[in-house]
Number of protein chains: 2
Amino acid sequence: MSAETPRTTPITVTAEQLAAVKYNSDGLVPAIAQDVDTREVLMMAWMNAESLAMTMREGRMVYWSRSRSELWRKGDTSGDRQFVREAWYDCDGDTLLFLVEQEGNGACHTGERSCFYRAFGGQ
Amino acid sequence: MSAETPRTTPITVTAEQLAAVKYNSDGLVPAIAQDVDTREVLMMAWMNAESLAMTMREGRMVYWSRSRSELWRKGDTSGDRQFVREAWYDCDGDTLLFLVEQEGNGACHTGERSCFYRAFGGQ
């Protein structure tokens, strides 16, 4: 494997910022990934404290897979990695928002670019 | 109170679409609200089946308040209503995305337009 590309940019998080994050009773917090260029919402998944720390350190989205109960370094298998450009937390500290550069075909395992590809109603 | 403004547009949901929505063990599903014009992610909150049905019927965002354990018709108190323009569900059916017209000052109770007004790192 080659070394990480220059597209990974670690985010230096303060202790105060990390302390503001509130995890649910399973130790998880929802993380929204939004395309930094198109502003399309790509997906929502979950992070635990370890995957959040990895995300910041590596500058790549690392989730916690609830179905597999393991760390999910997005794109390690598919090649569709997500490089973090901005990271935000909300007023309650219980939801995270990441603006990412989406690599490859997209975020969704179905092959769609966004996981939100089905509309309610007649669209 | 005056009648609903013309900005409310009900969304006619099919039984198949509703059946695709998966609720967690508390009967809730996360709902992301995104500004339909600026594409800014405004907030993430929760819906139960009743609030989702109300949201579709009224064309206005209705959440379930976990802290107050009650229906939360967004903007009834603040005036900052959210009118639904598009509604999407994700590949797993366990997260919803709404593109909304945000009324008033914004989505956040702090007075900020988006609840995601604090960045990790040095921004």
# chains A, B, ... in the order shown; residues from 1 in each chain; ligands from 1
>>> select_by_dssp(residues="chain A", states="strand (DSSP E or B)", output="count of residues only")
40
>>> closest_atom_pairs(of="chain A", to="chain B", cutoff="7 Å", atoms="only C-alpha atoms", output="CSV")
residue,atom,partner,partner_atom,distance
A:Ile11,CA,B:Gly121,CA,5.6
A:Thr12,CA,B:Gly121,CA,5.0
A:Val13,CA,B:Gly121,CA,4.7
A:Thr14,CA,B:Gly121,CA,6.7
A:Gln17,CA,B:Phe120,CA,6.4
A:Arg39,CA,B:Arg39,CA,5.9
A:Ala87,CA,B:Phe120,CA,5.5
A:Trp88,CA,B:Ala119,CA,4.2
A:Tyr89,CA,B:Phe116,CA,5.4
A:Asp90,CA,B:Phe116,CA,4.2
A:Cys91,CA,B:Cys115,CA,5.2
A:Cys115,CA,B:Asp90,CA,4.9
A:Phe116,CA,B:Asp90,CA,4.2
A:Tyr117,CA,B:Asp90,CA,6.6
A:Arg118,CA,B:Trp88,CA,5.6
A:Ala119,CA,B:Trp88,CA,4.2
A:Phe120,CA,B:Ala87,CA,5.5
A:Gly121,CA,B:Val13,CA,4.7
>>> write_last_selection(atoms="N, CA, C and O atoms", output="PDB file, in the first residue's frame")
ATOM      1  N   ILE A  11      -7.224  16.904  12.092  1.00  0.00           N
ATOM      2  CA  ILE A  11      -7.843  18.033  12.774  1.00  0.00           C
ATOM      3  C   ILE A  11      -7.424  17.982  14.231  1.00  0.00           C
ATOM      4  O   ILE A  11      -7.600  16.966  14.898  1.00  0.00           O
ATOM      5  N   THR A  12      -6.837  19.063  14.698  1.00  0.00           N
ATOM      6  CA  THR A  12      -6.373  19.129  16.079  1.00  0.00           C
ATOM      7  C   THR A  12      -7.526  19.610  16.959  1.00  0.00           C
ATOM      8  O   THR A  12      -7.932  20.758  16.900  1.00  0.00           O
ATOM      9  N   VAL A  13      -8.039  18.678  17.744  1.00  0.00           N
ATOM     10  CA  VAL A  13      -9.224  18.945  18.553  1.00  0.00           C
ATOM     11  C   VAL A  13      -8.798  19.339  19.957  1.00  0.00           C
ATOM     12  O   VAL A  13      -7.878  18.745  20.523  1.00  0.00           O
ATOM     13  N   THR A  14      -9.469  20.315  20.531  1.00  0.00           N
ATOM     14  CA  THR A  14      -9.166  20.694  21.908  1.00  0.00           C
ATOM     15  C   THR A  14      -9.914  19.775  22.874  1.00  0.00           C
ATOM     16  O   THR A  14     -10.928  19.157  22.529  1.00  0.00           O
ATOM     17  N   GLN A  17     -13.506  20.843  23.227  1.00  0.00           N
ATOM     18  CA  GLN A  17     -14.372  20.403  22.131  1.00  0.00           C
ATOM     19  C   GLN A  17     -14.756  18.944  22.294  1.00  0.00           C
ATOM     20  O   GLN A  17     -15.926  18.574  22.137  1.00  0.00           O
ATOM     21  N   ARG A  39     -22.380  19.977  -1.459  1.00  0.00           N
ATOM     22  CA  ARG A  39     -23.214  20.151  -0.254  1.00  0.00           C
ATOM     23  C   ARG A  39     -24.307  19.089  -0.161  1.00  0.00           C
ATOM     24  O   ARG A  39     -25.243  19.218   0.619  1.00  0.00           O
ATOM     25  N   ALA A  87     -15.204  19.799  10.396  1.00  0.00           N
ATOM     26  CA  ALA A  87     -15.908  18.980  11.376  1.00  0.00           C
ATOM     27  C   ALA A  87     -16.611  19.899  12.369  1.00  0.00           C
ATOM     28  O   ALA A  87     -15.992  20.824  12.909  1.00  0.00           O
ATOM     29  N   TRP A  88     -17.889  19.651  12.575  1.00  0.00           N
ATOM     30  CA  TRP A  88     -18.724  20.518  13.404  1.00  0.00           C
ATOM     31  C   TRP A  88     -19.490  19.678  14.424  1.00  0.00           C
ATOM     32  O   TRP A  88     -19.777  18.515  14.194  1.00  0.00           O
ATOM     33  N   TYR A  89     -19.860  20.291  15.546  1.00  0.00           N
ATOM     34  CA  TYR A  89     -20.748  19.641  16.510  1.00  0.00           C
ATOM     35  C   TYR A  89     -21.888  20.587  16.824  1.00  0.00           C
ATOM     36  O   TYR A  89     -21.730  21.806  16.760  1.00  0.00           O
ATOM     37  N   ASP A  90     -23.022  20.019  17.176  1.00  0.00           N
ATOM     38  CA  ASP A  90     -24.224  20.854  17.265  1.00  0.00           C
ATOM     39  C   ASP A  90     -24.418  21.428  18.668  1.00  0.00           C
ATOM     40  O   ASP A  90     -23.625  21.178  19.582  1.00  0.00           O
ATOM     41  N   CYS A  91     -25.467  22.209  18.802  1.00  0.00           N
ATOM     42  CA  CYS A  91     -25.722  22.968  20.039  1.00  0.00           C
ATOM     43  C   CYS A  91     -25.797  22.062  21.260  1.00  0.00           C
ATOM     44  O   CYS A  91     -25.386  22.448  22.347  1.00  0.00           O
ATOM     45  N   CYS A 115     -26.583   7.986   0.167  1.00  0.00           N
ATOM     46  CA  CYS A 115     -27.505   6.971   0.692  1.00  0.00           C
ATOM     47  C   CYS A 115     -28.958   7.437   0.622  1.00  0.00           C
ATOM     48  O   CYS A 115     -29.874   6.620   0.684  1.00  0.00           O
ATOM     49  N   PHE A 116     -29.164   8.738   0.464  1.00  0.00           N
ATOM     50  CA  PHE A 116     -30.525   9.284   0.395  1.00  0.00           C
ATOM     51  C   PHE A 116     -30.939   9.411  -1.078  1.00  0.00           C
ATOM     52  O   PHE A 116     -30.992  10.507  -1.621  1.00  0.00           O
ATOM     53  N   TYR A 117     -31.212   8.294  -1.707  1.00  0.00           N
ATOM     54  CA  TYR A 117     -31.535   8.293  -3.136  1.00  0.00           C
ATOM     55  C   TYR A 117     -32.996   7.956  -3.393  1.00  0.00           C
ATOM     56  O   TYR A 117     -33.426   7.883  -4.541  1.00  0.00           O
ATOM     57  N   ARG A 118     -33.775   7.753  -2.326  1.00  0.00           N
ATOM     58  CA  ARG A 118     -35.190   7.450  -2.487  1.00  0.00           C
ATOM     59  C   ARG A 118     -36.029   8.543  -1.826  1.00  0.00           C
ATOM     60  O   ARG A 118     -35.850   8.837  -0.641  1.00  0.00           O
ATOM     61  N   ALA A 119     -36.924   9.119  -2.626  1.00  0.00           N
ATOM     62  CA  ALA A 119     -37.753  10.209  -2.119  1.00  0.00           C
ATOM     63  C   ALA A 119     -39.114   9.699  -1.708  1.00  0.00           C
ATOM     64  O   ALA A 119     -39.671   8.792  -2.331  1.00  0.00           O
ATOM     65  N   PHE A 120     -39.639  10.261  -0.630  1.00  0.00           N
ATOM     66  CA  PHE A 120     -41.052  10.074  -0.302  1.00  0.00           C
ATOM     67  C   PHE A 120     -41.877  10.858  -1.317  1.00  0.00           C
ATOM     68  O   PHE A 120     -41.458  11.888  -1.817  1.00  0.00           O
ATOM     69  N   GLY A 121     -43.083  10.348  -1.543  1.00  0.00           N
ATOM     70  CA  GLY A 121     -44.001  11.039  -2.450  1.00  0.00           C
ATOM     71  C   GLY A 121     -43.733  10.668  -3.883  1.00  0.00           C
ATOM     72  O   GLY A 121     -43.116   9.632  -4.162  1.00  0.00           O
TER      73      GLY A 121
END
>>> calpha_fit_and_write(fixed="chain B", moving="chain A", output="short mmCIF file (atom, residue, chain, number, x, y, z; two decimals) with C-alpha atoms, in the first residue's frame")
data_model
loop_
_atom_site.label_atom_id
_atom_site.label_comp_id
_atom_site.auth_asym_id
_atom_site.auth_seq_id
_atom_site.Cartn_x
_atom_site.Cartn_y
_atom_site.Cartn_z
CA MET A 1 -54.38 32.46 14.10
CA SER A 2 -54.48 32.75 10.34
CA ALA A 3 -54.88 29.75 8.11
CA GLU A 4 -51.79 27.90 7.02
CA THR A 5 -49.83 29.78 4.39
CA PRO A 6 -49.51 28.36 0.86
CA ARG A 7 -45.98 27.38 1.75
CA THR A 8 -47.16 24.13 3.29
CA THR A 9 -47.22 21.35 0.73
CA PRO A 10 -48.35 17.93 1.95
CA ILE A 11 -46.37 14.95 0.72
CA THR A 12 -48.39 11.93 -0.31
CA VAL A 13 -46.46 8.94 0.96
CA THR A 14 -47.03 5.42 -0.29
CA ALA A 15 -47.49 2.49 2.09
CA GLU A 16 -44.34 0.95 0.63
CA GLN A 17 -42.31 4.05 1.46
CA LEU A 18 -43.65 4.23 5.00
CA ALA A 19 -42.93 0.54 5.51
CA ALA A 20 -39.30 1.12 4.55
CA VAL A 21 -38.73 3.36 7.58
CA LYS A 22 -37.03 1.55 10.43
CA TYR A 23 -37.43 2.88 13.94
CA ASN A 24 -35.02 2.18 16.78
CA SER A 25 -35.93 0.41 20.01
CA ASP A 26 -37.45 3.69 21.29
CA GLY A 27 -39.64 3.94 18.19
CA LEU A 28 -37.63 6.84 16.81
CA VAL A 29 -35.76 7.62 13.60
CA PRO A 30 -33.22 10.43 13.10
CA ALA A 31 -34.32 13.24 10.79
CA ILE A 32 -31.86 15.66 9.22
CA ALA A 33 -33.14 19.09 8.14
CA GLN A 34 -31.21 20.77 5.32
CA ASP A 35 -31.88 24.24 3.90
CA VAL A 36 -33.30 23.74 0.41
CA ASP A 37 -31.73 26.97 -0.86
CA THR A 38 -28.29 27.16 0.74
CA ARG A 39 -27.95 23.37 1.29
CA GLU A 40 -26.74 24.15 4.82
CA VAL A 41 -27.43 21.33 7.28
CA LEU A 42 -29.60 23.01 9.90
CA MET A 43 -30.21 20.37 12.56
CA MET A 44 -30.80 16.74 13.35
CA ALA A 45 -33.62 15.62 15.62
CA TRP A 46 -35.89 12.62 16.00
CA MET A 47 -39.29 11.55 14.73
CA ASN A 48 -41.66 8.82 15.76
CA ALA A 49 -44.25 7.38 13.40
CA GLU A 50 -46.85 9.92 14.49
CA SER A 51 -44.62 12.96 14.00
CA LEU A 52 -43.47 11.63 10.61
CA ALA A 53 -47.10 11.27 9.53
CA MET A 54 -47.84 14.80 10.76
CA THR A 55 -44.78 16.14 8.93
CA MET A 56 -46.00 14.64 5.66
CA ARG A 57 -49.61 15.66 6.16
CA GLU A 58 -48.86 19.24 7.21
CA GLY A 59 -45.79 19.80 5.04
CA ARG A 60 -44.06 21.12 8.16
CA MET A 61 -41.38 19.52 10.28
CA VAL A 62 -42.80 17.85 13.38
CA TYR A 63 -40.27 16.11 15.61
CA TRP A 64 -40.49 14.03 18.75
CA SER A 65 -38.81 15.81 21.66
CA ARG A 66 -36.85 13.23 23.62
CA SER A 67 -36.21 15.65 26.49
CA ARG A 68 -39.86 16.63 26.87
CA SER A 69 -41.35 13.33 25.65
CA GLU A 70 -43.84 15.10 23.45
CA LEU A 71 -44.59 16.04 19.87
CA TRP A 72 -42.56 19.07 18.80
CA ARG A 73 -44.19 21.05 16.01
CA LYS A 74 -41.08 23.02 15.14
CA GLY A 75 -41.74 26.74 15.23
CA ASP A 76 -45.08 26.71 17.07
CA THR A 77 -43.40 28.61 19.90
CA SER A 78 -40.45 30.27 18.19
CA GLY A 79 -42.11 31.08 14.89
CA ASP A 80 -39.18 29.48 13.13
CA ARG A 81 -41.11 26.86 11.21
CA GLN A 82 -39.64 24.50 8.65
CA PHE A 83 -41.61 23.90 5.48
CA VAL A 84 -40.87 20.62 3.74
CA ARG A 85 -39.83 20.79 0.09
CA GLU A 86 -38.32 17.31 -0.35
CA ALA A 87 -38.24 14.22 1.87
CA TRP A 88 -35.82 11.33 1.44
CA TYR A 89 -34.99 8.07 3.23
CA ASP A 90 -31.67 6.31 3.13
CA CYS A 91 -30.55 2.90 1.89
CA ASP A 92 -31.16 1.27 5.26
CA GLY A 93 -34.38 3.17 5.90
CA ASP A 94 -33.07 4.22 9.30
CA THR A 95 -32.33 7.90 8.62
CA LEU A 96 -34.50 10.58 7.02
CA LEU A 97 -33.43 13.72 5.17
CA PHE A 98 -35.72 16.70 4.67
CA LEU A 99 -34.99 19.68 2.46
CA VAL A 100 -36.81 22.56 4.08
CA GLU A 101 -37.58 26.22 3.74
CA GLN A 102 -36.44 27.63 7.07
CA GLU A 103 -38.60 30.43 8.43
CA GLY A 104 -37.46 33.22 10.73
CA ASN A 105 -34.10 33.45 12.43
CA GLY A 106 -33.04 29.88 11.92
CA ALA A 107 -33.27 26.37 13.23
CA CYS A 108 -31.34 26.64 16.49
CA HIS A 109 -32.70 27.62 19.86
CA THR A 110 -29.46 29.56 20.47
CA GLY A 111 -30.36 32.02 17.72
CA GLU A 112 -27.85 30.59 15.28
CA ARG A 113 -29.20 29.68 11.86
CA SER A 114 -27.78 26.14 12.03
CA CYS A 115 -27.29 24.04 15.16
CA PHE A 116 -23.85 23.17 13.75
CA TYR A 117 -22.17 26.49 14.52
CA ARG A 118 -19.14 25.19 16.42
CA ALA A 119 -16.21 23.70 14.55
CA PHE A 120 -13.66 21.23 15.82
CA GLY A 121 -10.10 22.40 15.45
CA GLY A 122 -8.84 25.89 14.96
CA GLN A 123 -11.38 27.29 12.49
#
>>> select_by_dssp(residues="range 39-101 of chain A", states="alpha helix (DSSP H)", output="JSON, numbers by chain")
{"A": [49, 50, 51, 52, 53, 54, 55, 56, 57, 58]}
>>> decode(residues="range 52-73 of chain B", atoms="N, CA, C and O atoms", output="compact mmCIF listing (two decimals), in the first residue's frame")
# COMPACT_ATOMS: atom_id res chain seq x y z
N LEU B 52 -43.78 11.79 12.04
CA LEU B 52 -43.48 11.65 10.62
C LEU B 52 -44.76 11.82 9.79
O LEU B 52 -44.77 12.53 8.78
N ALA B 53 -45.83 11.18 10.23
CA ALA B 53 -47.10 11.30 9.51
C ALA B 53 -47.59 12.75 9.51
O ALA B 53 -48.06 13.26 8.49
N MET B 54 -47.44 13.42 10.64
CA MET B 54 -47.84 14.84 10.72
C MET B 54 -47.00 15.70 9.80
O MET B 54 -47.50 16.61 9.14
N THR B 55 -45.69 15.41 9.78
CA THR B 55 -44.78 16.17 8.91
C THR B 55 -45.22 16.07 7.46
O THR B 55 -45.26 17.07 6.73
N MET B 56 -45.57 14.87 7.03
CA MET B 56 -45.99 14.67 5.65
C MET B 56 -47.33 15.32 5.37
O MET B 56 -47.54 15.93 4.33
N ARG B 57 -48.23 15.17 6.33
CA ARG B 57 -49.59 15.69 6.14
C ARG B 57 -49.61 17.22 6.14
O ARG B 57 -50.30 17.84 5.33
N GLU B 58 -48.82 17.80 7.04
CA GLU B 58 -48.85 19.26 7.18
C GLU B 58 -47.82 19.96 6.29
O GLU B 58 -47.89 21.18 6.10
N GLY B 59 -46.84 19.19 5.81
CA GLY B 59 -45.76 19.81 5.03
C GLY B 59 -44.88 20.70 5.89
O GLY B 59 -44.23 21.62 5.40
N ARG B 60 -44.86 20.40 7.16
CA ARG B 60 -44.06 21.15 8.14
C ARG B 60 -43.34 20.16 9.03
O ARG B 60 -43.90 19.13 9.39
N MET B 61 -42.13 20.48 9.44
CA MET B 61 -41.37 19.54 10.27
C MET B 61 -41.99 19.44 11.66
O MET B 61 -42.15 20.43 12.37
N VAL B 62 -42.31 18.20 12.03
CA VAL B 62 -42.80 17.88 13.38
C VAL B 62 -41.89 16.79 13.92
O VAL B 62 -41.80 15.71 13.35
N TYR B 63 -41.19 17.10 15.00
CA TYR B 63 -40.27 16.15 15.61
C TYR B 63 -40.90 15.55 16.86
O TYR B 63 -41.96 15.96 17.32
N TRP B 64 -40.18 14.57 17.42
CA TRP B 64 -40.49 14.07 18.75
C TRP B 64 -39.40 14.58 19.68
O TRP B 64 -38.22 14.32 19.48
N SER B 65 -39.80 15.34 20.69
CA SER B 65 -38.83 15.85 21.65
C SER B 65 -38.51 14.77 22.67
O SER B 65 -39.37 14.37 23.45
N ARG B 66 -37.27 14.29 22.65
CA ARG B 66 -36.88 13.26 23.61
C ARG B 66 -36.78 13.84 25.02
O ARG B 66 -37.08 13.15 25.99
N SER B 67 -36.38 15.10 25.15
CA SER B 67 -36.23 15.68 26.50
C SER B 67 -37.60 15.97 27.13
O SER B 67 -37.77 15.81 28.33
N ARG B 68 -38.57 16.36 26.31
CA ARG B 68 -39.89 16.67 26.86
C ARG B 68 -40.89 15.53 26.68
O ARG B 68 -42.01 15.61 27.16
N SER B 69 -40.50 14.50 25.94
CA SER B 69 -41.38 13.37 25.65
C SER B 69 -42.73 13.83 25.10
O SER B 69 -43.79 13.48 25.60
N GLU B 70 -42.63 14.67 24.05
CA GLU B 70 -43.87 15.15 23.43
C GLU B 70 -43.61 15.54 21.98
O GLU B 70 -42.46 15.75 21.58
N LEU B 71 -44.69 15.62 21.22
CA LEU B 71 -44.59 16.09 19.85
C LEU B 71 -44.07 17.52 19.84
O LEU B 71 -44.44 18.33 20.69
N TRP B 72 -43.25 17.82 18.85
CA TRP B 72 -42.56 19.11 18.79
C TRP B 72 -42.81 19.67 17.38
O TRP B 72 -42.09 19.35 16.47
N ARG B 73 -43.87 20.45 17.31
CA ARG B 73 -44.18 21.08 16.02
C ARG B 73 -43.27 22.30 15.88
O ARG B 73 -43.57 23.38 16.33
